[in-house]
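**Q** Structure incoming, see below.
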Amino acid sequence: VHLIPVNPVREDGLNPKSRKRIMPDLLTEPPAIDPVYEAQVYCNVPSIAERSMEGHAPHYFKLVSVQVLIRHGDRYPLYAIPKTKRPDIDCMLVPSRKPSHPQLEAFIKHMSKGSAAQMDGSLSSLPHFPSHSLCEMGELTQTGVVQHLRNGQLLREIYINKHKLLPGDWTAKQLYLETTGKSRTLQSALALLYTFLPDFDWKKINMRHQWSTIFCSGSCDCPMRNHYLEEEQRRQYSLRVKNNNLEKIYVDMAKIVGIPTRQLRASNPIDSLLCYFCHNVSFPCTKAGCIGMEHFKVIKRHQLEDERERQEKKLYFLYALLATHPLLNQTVNRLQRIAEGKKEEVFVLYSAHDVTLSPVLSALGITEARFPRFAARLVFELWQDGKRPKEHFIRILYNGADVTFQTSFCKDHYKRSSKPMCPLEKFVNFVKRDMFLIFNSTSYYDACHRKAL
């Protein structure tokens with residue numbers, strides 16, 4: 001089941017062939033909802049060095065495992081606005097063009113080899129890096145590659161250089177790598193791994209293919225999950241229909257482009273417009289006029305309102321619990337095995353989409369988190385208490401911010417704990433038992449097949 005993204009903010013594209021600068025400088029966070037500021041955060045254009053809280057723990061704690069879930073980097077739109085020229089963005093990797101990275105040139109050379117890697121199924125036929133002079137639909141851009149080269153470098157400094165999570169002579173068995181079958185997710189994973197691993201060796205790369213965007217593997221049969229997703233989409237539709245300002249903007253844009261309003265709406269124009277915005281390229285014009293910043297702001301503001309209502313109405317939360325249980329269950333099982341001292345993969349990377357990360361954040365109860373930006377990362381750290389080696393704790397970080405105590409299962413623990421992390425068993429109990437309480441069920445299967453109350 002390829003689930004339709006429930007949040008209208010989607011993925012985008014890259015390369016500053018700017019004719020006219022449309023993105024103001026990113027300043028401090030505004031006090032009220034500002035659609036332009038939120039769009040800038042979403043673009044995540046590499047600029048200043050990022051501060052992050054990954055790897056922070058009392059000195060007597062030992063880091064034993066890290067599991068990372070990423071959204072692919074900046075991409076070209078998945079949809080085109082009819083009767084307009086596609087954004088002129090180059091997906092060739094050119095180290096001298098901004099944004100760049102000190103290791104971009106070496107990355108291109110290394111990716112050109114790559115025949116020794118083990119790639120599941122259809123992954124072996126995908127290119128290892130973007131290479132079209134006019135980006136193809138959905139293709140990763142140079143910005144997207146650089147975003148994940150930066151992610152990998154940041155995580156390497158913390159987890160490899162500081163915490164020695166992987167030795168210099170690491171083996172394939174110490175990694176678990178999984179990606180969806182899109183070139184943008186595979187290429188994002190490779191970019192992150194290239195700067196993260198102590199020594200990138202194709203022979204040790206074993207990339208598994210995940211056919212489902214929610215990573216449900218063999219546990220995808222869940223009628224109630226689909227039911228809540230449909231209900232959530234009805235809520236979305238109803239909110240959109242009530243927004244007269246949004247409707248006027250769509251009518252106006254449709255006139256500029258010269259197509260019926262319904263056709264324009266179906267082409268998901270925000271997906272294309274975000275690409276123009278993120279790459280500082282002027283919005284498209286026709287003889288009838290130009291799509292402008294006011295059009296963009298109204299559509300973007302509606303998305304932000306939709307996100308806020310989504311959290312209040314709880315339909316998405318119910319969908320998220322059922323959608324993410326298989327992935328969270330796999331995560332918990334692995335953490336438990338490592339805590340028991342079994343030899344398991346100490347570094348895990350899932351390369352995914354906004355529709356993967358968004359429900360995971362919702363299911364964990366991290367309601368304050370923004371919608372996943374390009375190259376967003378969600379990290380689960382497993383720590384062993386050096387004074388009591390049988391005790392294990394987790395930390396959860398989103399884009400470098402510690403969100404452990406925003407989770408529904410560890411909110412209360414924070415008030416009583418002297419340690420900046422959450423006991424592993426609280427996470428285990430949540431995934432194995434508490435996730436199903438709201439459905440009046442005791443198991444994933446039961447919650448998936450029980451009729452809505």
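Ordering of the structure tokens sets the chain letters (A, B, ...), residue numbers begin anew at 1 in every chain, and ligands are numbered from 1 in the order given.
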Excluding His302 (chain A) and its own-chain neighbours fewer than 4 positions away, which residues fall within 9 Å of it when counting only C-alpha atoms? Please give them as a list of chain:residue names.
**A**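 Contacts, with the query itself left out: A:Pro35, A:Leu239, A:Arg240, A:Asn243, A:Leu246, A:Lys297, A:Val298, A:Asp306, A:Glu307.
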**Q** Which residues are near Tyr228 (chain A)? Cut-off 12 Å, only C-alpha atoms, ignore same chain within fewer than 6 positions. Put them as a PDB file with N, CA, C and O atoms, in the first residue's frame.
**A**
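result.pdb was written with the following content:
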ATOM      1  N   LEU A   3       1.100   4.641   0.728  1.00  0.00           N
ATOM      2  CA  LEU A   3       0.218   5.593   1.394  1.00  0.00           C
ATOM      3  C   LEU A   3       0.411   7.003   0.846  1.00  0.00           C
ATOM      4  O   LEU A   3       1.527   7.442   0.620  1.00  0.00           O
ATOM      5  N   VAL A   6      -0.074  12.426   3.985  1.00  0.00           N
ATOM      6  CA  VAL A   6      -1.237  13.038   4.607  1.00  0.00           C
ATOM      7  C   VAL A   6      -1.007  14.517   4.815  1.00  0.00           C
ATOM      8  O   VAL A   6      -1.913  15.292   4.882  1.00  0.00           O
ATOM      9  N   CYS A 222      -3.369  -4.041   7.652  1.00  0.00           N
ATOM     10  CA  CYS A 222      -3.966  -3.350   8.801  1.00  0.00           C
ATOM     11  C   CYS A 222      -5.138  -2.493   8.349  1.00  0.00           C
ATOM     12  O   CYS A 222      -4.991  -1.305   8.064  1.00  0.00           O
ATOM     13  N   ARG A 234     -10.367  12.967   4.792  1.00  0.00           N
ATOM     14  CA  ARG A 234     -11.658  13.679   4.761  1.00  0.00           C
ATOM     15  C   ARG A 234     -11.565  14.978   5.570  1.00  0.00           C
ATOM     16  O   ARG A 234     -12.098  16.014   5.183  1.00  0.00           O
ATOM     17  N   ARG A 235     -10.918  14.878   6.741  1.00  0.00           N
ATOM     18  CA  ARG A 235     -10.727  16.074   7.575  1.00  0.00           C
ATOM     19  C   ARG A 235      -9.942  17.140   6.799  1.00  0.00           C
ATOM     20  O   ARG A 235     -10.293  18.322   6.788  1.00  0.00           O
ATOM     21  N   LYS A 313      -7.201  17.002  16.210  1.00  0.00           N
ATOM     22  CA  LYS A 313      -8.317  16.095  15.911  1.00  0.00           C
ATOM     23  C   LYS A 313      -8.023  14.620  16.185  1.00  0.00           C
ATOM     24  O   LYS A 313      -8.926  13.798  16.196  1.00  0.00           O
ATOM     25  N   LYS A 314      -6.780  14.249  16.316  1.00  0.00           N
ATOM     26  CA  LYS A 314      -6.376  12.891  16.731  1.00  0.00           C
ATOM     27  C   LYS A 314      -6.554  11.777  15.698  1.00  0.00           C
ATOM     28  O   LYS A 314      -6.112  10.658  15.915  1.00  0.00           O
ATOM     29  N   LEU A 315      -7.213  12.038  14.572  1.00  0.00           N
ATOM     30  CA  LEU A 315      -7.363  10.971  13.566  1.00  0.00           C
ATOM     31  C   LEU A 315      -5.997  10.543  13.038  1.00  0.00           C
ATOM     32  O   LEU A 315      -5.712   9.358  12.874  1.00  0.00           O
ATOM     33  N   TYR A 316      -5.142  11.536  12.788  1.00  0.00           N
ATOM     34  CA  TYR A 316      -3.807  11.234  12.279  1.00  0.00           C
ATOM     35  C   TYR A 316      -2.998  10.465  13.321  1.00  0.00           C
ATOM     36  O   TYR A 316      -2.243   9.554  12.987  1.00  0.00           O
ATOM     37  N   PHE A 317      -3.179  10.818  14.588  1.00  0.00           N
ATOM     38  CA  PHE A 317      -2.478  10.125  15.676  1.00  0.00           C
ATOM     39  C   PHE A 317      -2.848   8.637  15.695  1.00  0.00           C
ATOM     40  O   PHE A 317      -1.991   7.760  15.822  1.00  0.00           O
ATOM     41  N   LEU A 318      -4.146   8.340  15.524  1.00  0.00           N
ATOM     42  CA  LEU A 318      -4.587   6.932  15.501  1.00  0.00           C
ATOM     43  C   LEU A 318      -4.000   6.206  14.288  1.00  0.00           C
ATOM     44  O   LEU A 318      -3.542   5.058  14.385  1.00  0.00           O
ATOM     45  N   TYR A 319      -4.004   6.893  13.151  1.00  0.00           N
ATOM     46  CA  TYR A 319      -3.357   6.323  11.965  1.00  0.00           C
ATOM     47  C   TYR A 319      -1.875   6.073  12.247  1.00  0.00           C
ATOM     48  O   TYR A 319      -1.324   5.009  11.941  1.00  0.00           O
ATOM     49  N   ALA A 320      -1.206   7.071  12.846  1.00  0.00           N
ATOM     50  CA  ALA A 320       0.241   7.003  13.067  1.00  0.00           C
ATOM     51  C   ALA A 320       0.619   5.828  13.969  1.00  0.00           C
ATOM     52  O   ALA A 320       1.614   5.139  13.727  1.00  0.00           O
ATOM     53  N   LEU A 321      -0.159   5.588  15.020  1.00  0.00           N
ATOM     54  CA  LEU A 321       0.142   4.472  15.933  1.00  0.00           C
ATOM     55  C   LEU A 321       0.173   3.143  15.173  1.00  0.00           C
ATOM     56  O   LEU A 321       1.089   2.330  15.352  1.00  0.00           O
ATOM     57  N   LEU A 322      -0.827   2.939  14.309  1.00  0.00           N
ATOM     58  CA  LEU A 322      -0.898   1.670  13.568  1.00  0.00           C
ATOM     59  C   LEU A 322       0.105   1.632  12.421  1.00  0.00           C
ATOM     60  O   LEU A 322       0.652   0.579  12.095  1.00  0.00           O
ATOM     61  N   ALA A 323       0.367   2.797  11.819  1.00  0.00           N
ATOM     62  CA  ALA A 323       1.299   2.833  10.685  1.00  0.00           C
ATOM     63  C   ALA A 323       2.732   2.560  11.118  1.00  0.00           C
ATOM     64  O   ALA A 323       3.508   1.941  10.393  1.00  0.00           O
ATOM     65  N   PHE A 439      -6.952   1.799  21.440  1.00  0.00           N
ATOM     66  CA  PHE A 439      -7.836   0.989  20.581  1.00  0.00           C
ATOM     67  C   PHE A 439      -8.559  -0.097  21.393  1.00  0.00           C
ATOM     68  O   PHE A 439      -9.223  -0.951  20.822  1.00  0.00           O
ATOM     69  N   ALA A 447      -5.622  -4.554  17.202  1.00  0.00           N
ATOM     70  CA  ALA A 447      -5.912  -3.140  16.945  1.00  0.00           C
ATOM     71  C   ALA A 447      -6.181  -2.892  15.458  1.00  0.00           C
ATOM     72  O   ALA A 447      -7.013  -2.064  15.095  1.00  0.00           O
ATOM     73  N   CYS A 448      -5.504  -3.647  14.596  1.00  0.00           N
ATOM     74  CA  CYS A 448      -5.661  -3.470  13.148  1.00  0.00           C
ATOM     75  C   CYS A 448      -7.000  -4.016  12.644  1.00  0.00           C
ATOM     76  O   CYS A 448      -7.497  -3.566  11.615  1.00  0.00           O
ATOM     77  N   LYS A 451     -13.017  -3.138  14.920  1.00  0.00           N
ATOM     78  CA  LYS A 451     -13.772  -2.002  14.363  1.00  0.00           C
ATOM     79  C   LYS A 451     -13.618  -0.766  15.258  1.00  0.00           C
ATOM     80  O   LYS A 451     -13.477  -0.876  16.466  1.00  0.00           O
ATOM     81  N   ALA A 452     -13.645   0.415  14.641  1.00  0.00           N
ATOM     82  CA  ALA A 452     -13.504   1.667  15.387  1.00  0.00           C
ATOM     83  C   ALA A 452     -14.620   1.804  16.395  1.00  0.00           C
ATOM     84  O   ALA A 452     -15.763   1.463  16.121  1.00  0.00           O
ATOM     85  N   LEU A 453     -14.254   2.312  17.570  1.00  0.00           N
ATOM     86  CA  LEU A 453     -15.253   2.459  18.635  1.00  0.00           C
ATOM     87  C   LEU A 453     -16.152   3.649  18.344  1.00  0.00           C
ATOM     88  O   LEU A 453     -15.741   4.620  17.773  1.00  0.00           O
TER      89      LEU A 453
END
**Q** Which one is closest to Glu381 (chain A): A:Ala49, A:Leu165, A:Ile249, A:Met111? Count only C-alpha atoms.
**A**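 Of A:Ala49, A:Leu165, A:Ile249, A:Met111, the one nearest Glu381 (chain A), counting only C-alpha atoms, is A:Leu165.
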**Q** CA of His279 (chain A) and CA of Tyr250 (chain A) are how many Å apart?
**A**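 CA of His279 (chain A) sits 22.8 Å away from CA of Tyr250 (chain A).
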**Q** Looking only at strand (DSSP E) from DSSP on the backbone, list the matching residues of region 147-308 of chain A as a VMD selection string.
**A** chain A and resid 175 to 180 206 to 210 285 to 286 289 to 290
**Q** Check region 154-337 of chain A with DSSP on the backbone and list each residue it calls alpha helix (DSSP H), as a ChimeraX atom specification.
**A** /A:154-155,183-196,223-242,244-257,261-266,269-278,293-313,315-337
**Q** Hey, can you check how far CA of Leu357 (chain A) sits from CA of Val428 (chain A)?
**A** 19.4 Å
**Q** Any idea what's packed within 9 Å of region 151-155 of chain A, counting only C-alpha atoms, ignoring anything in its chain fewer than 6 positions away? Could you give it as a list in words?
**A**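 Within the cut-off, the hits are Glu50, Ser52, Glu54, Gly55, Ala191, Leu192, Leu193, Tyr194, Thr195, Phe196, Leu197, Ala375 and Arg377 of chain A.
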**Q** As an exercise, work out the distance from CA of Lys390 (chain A) to CA of Lys173 (chain A) in Å and give it to one decimal place.
**A**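 Interatomic distance here is 23.8 Å.
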**Q** Could you check which of A:Thr286, A:Asn333, A:Ser115, A:Thr213 is closest to Pro359 (chain A), using only C-alpha atoms?
**A**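 Under the stated criterion, the closest residue is A:Thr213.
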**Q** Looking at A:Leu273, A:Met293, A:Ala376, A:Cys285, which one is nearest to Ile256 (chain A), with distances taken over only C-alpha atoms?
**A** A:Cys285
**Q** Hey, which of A:Glu368, A:Arg265, A:Glu425, A:His325 ends up closest to His413 (chain A)? Count only C-alpha atoms.
**A**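 Looking only at the distances to His413 (chain A), the closest residue turns out to be A:Glu425.
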**Q** Hey, which of A:Gly121, A:Pro102, A:Gly181, A:Pro284 ends up closest to Ser212 (chain A)? Count only C-alpha atoms.
**A**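 Of A:Gly121, A:Pro102, A:Gly181, A:Pro284, the one nearest Ser212 (chain A), counting only C-alpha atoms, is A:Gly181.
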**Q** Could you check which of A:Gln210, A:Ser238, A:Ser267, A:Asn226 is closest to His353 (chain A), using only C-alpha atoms?
**A** A:Gln210
**Q** Quick one: residues within 8 Å of region 61-66 of chain A, only C-alpha atoms, excluding same-chain residues fewer than 4 positions away - as a ChimeraX atom specification?
**A** /A:55,57,163,165,335,338,345-348,379-386
**Q** Write out as JSON, numbers by chain which residues come within 12 Å of Tyr444 (chain A) when counting only C-alpha atoms, dropping same-chain ones fewer than 5 positions away.
**A** {"A": [216, 219, 220, 221, 222, 223, 224, 225, 321, 322, 323, 324, 325, 326, 328, 329, 431, 432, 433, 434, 435, 436, 437, 438, 439, 449, 450]}
**Q** Near Ala189 (chain A), counting only C-alpha atoms, which residues have an atom at most 8 Å away, once you skip same-chain residues fewer than 6 positions from it, shown as a PyMOL selection string?
**A** chain A and resi 72+148+179+349-351
**Q** Leaving out Asp402 (chain A) and any residue of its chain fewer than 6 positions from it, which residues lie within 8 Å of it when counting only C-alpha atoms, given as a PDB file with N, CA, C and O atoms, in the first residue's frame?
**A**
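Output below, filename around-v4.pdb:
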ATOM      1  N   MET A  53      22.622  18.112  19.794  1.00  0.00           N
ATOM      2  CA  MET A  53      22.707  17.526  21.137  1.00  0.00           C
ATOM      3  C   MET A  53      22.991  16.025  21.090  1.00  0.00           C
ATOM      4  O   MET A  53      22.973  15.363  22.118  1.00  0.00           O
ATOM      5  N   GLU A  54      23.221  15.480  19.906  1.00  0.00           N
ATOM      6  CA  GLU A  54      23.518  14.052  19.826  1.00  0.00           C
ATOM      7  C   GLU A  54      24.758  13.718  20.658  1.00  0.00           C
ATOM      8  O   GLU A  54      25.694  14.521  20.750  1.00  0.00           O
ATOM      9  N   ARG A 395      17.896   7.860  24.368  1.00  0.00           N
ATOM     10  CA  ARG A 395      17.653   9.269  24.080  1.00  0.00           C
ATOM     11  C   ARG A 395      17.117   9.342  22.656  1.00  0.00           C
ATOM     12  O   ARG A 395      17.537   8.573  21.794  1.00  0.00           O
ATOM     13  N   ILE A 396      16.171  10.264  22.441  1.00  0.00           N
ATOM     14  CA  ILE A 396      15.609  10.449  21.104  1.00  0.00           C
ATOM     15  C   ILE A 396      15.862  11.896  20.699  1.00  0.00           C
ATOM     16  O   ILE A 396      15.597  12.820  21.473  1.00  0.00           O
TER      17      ILE A 396
END
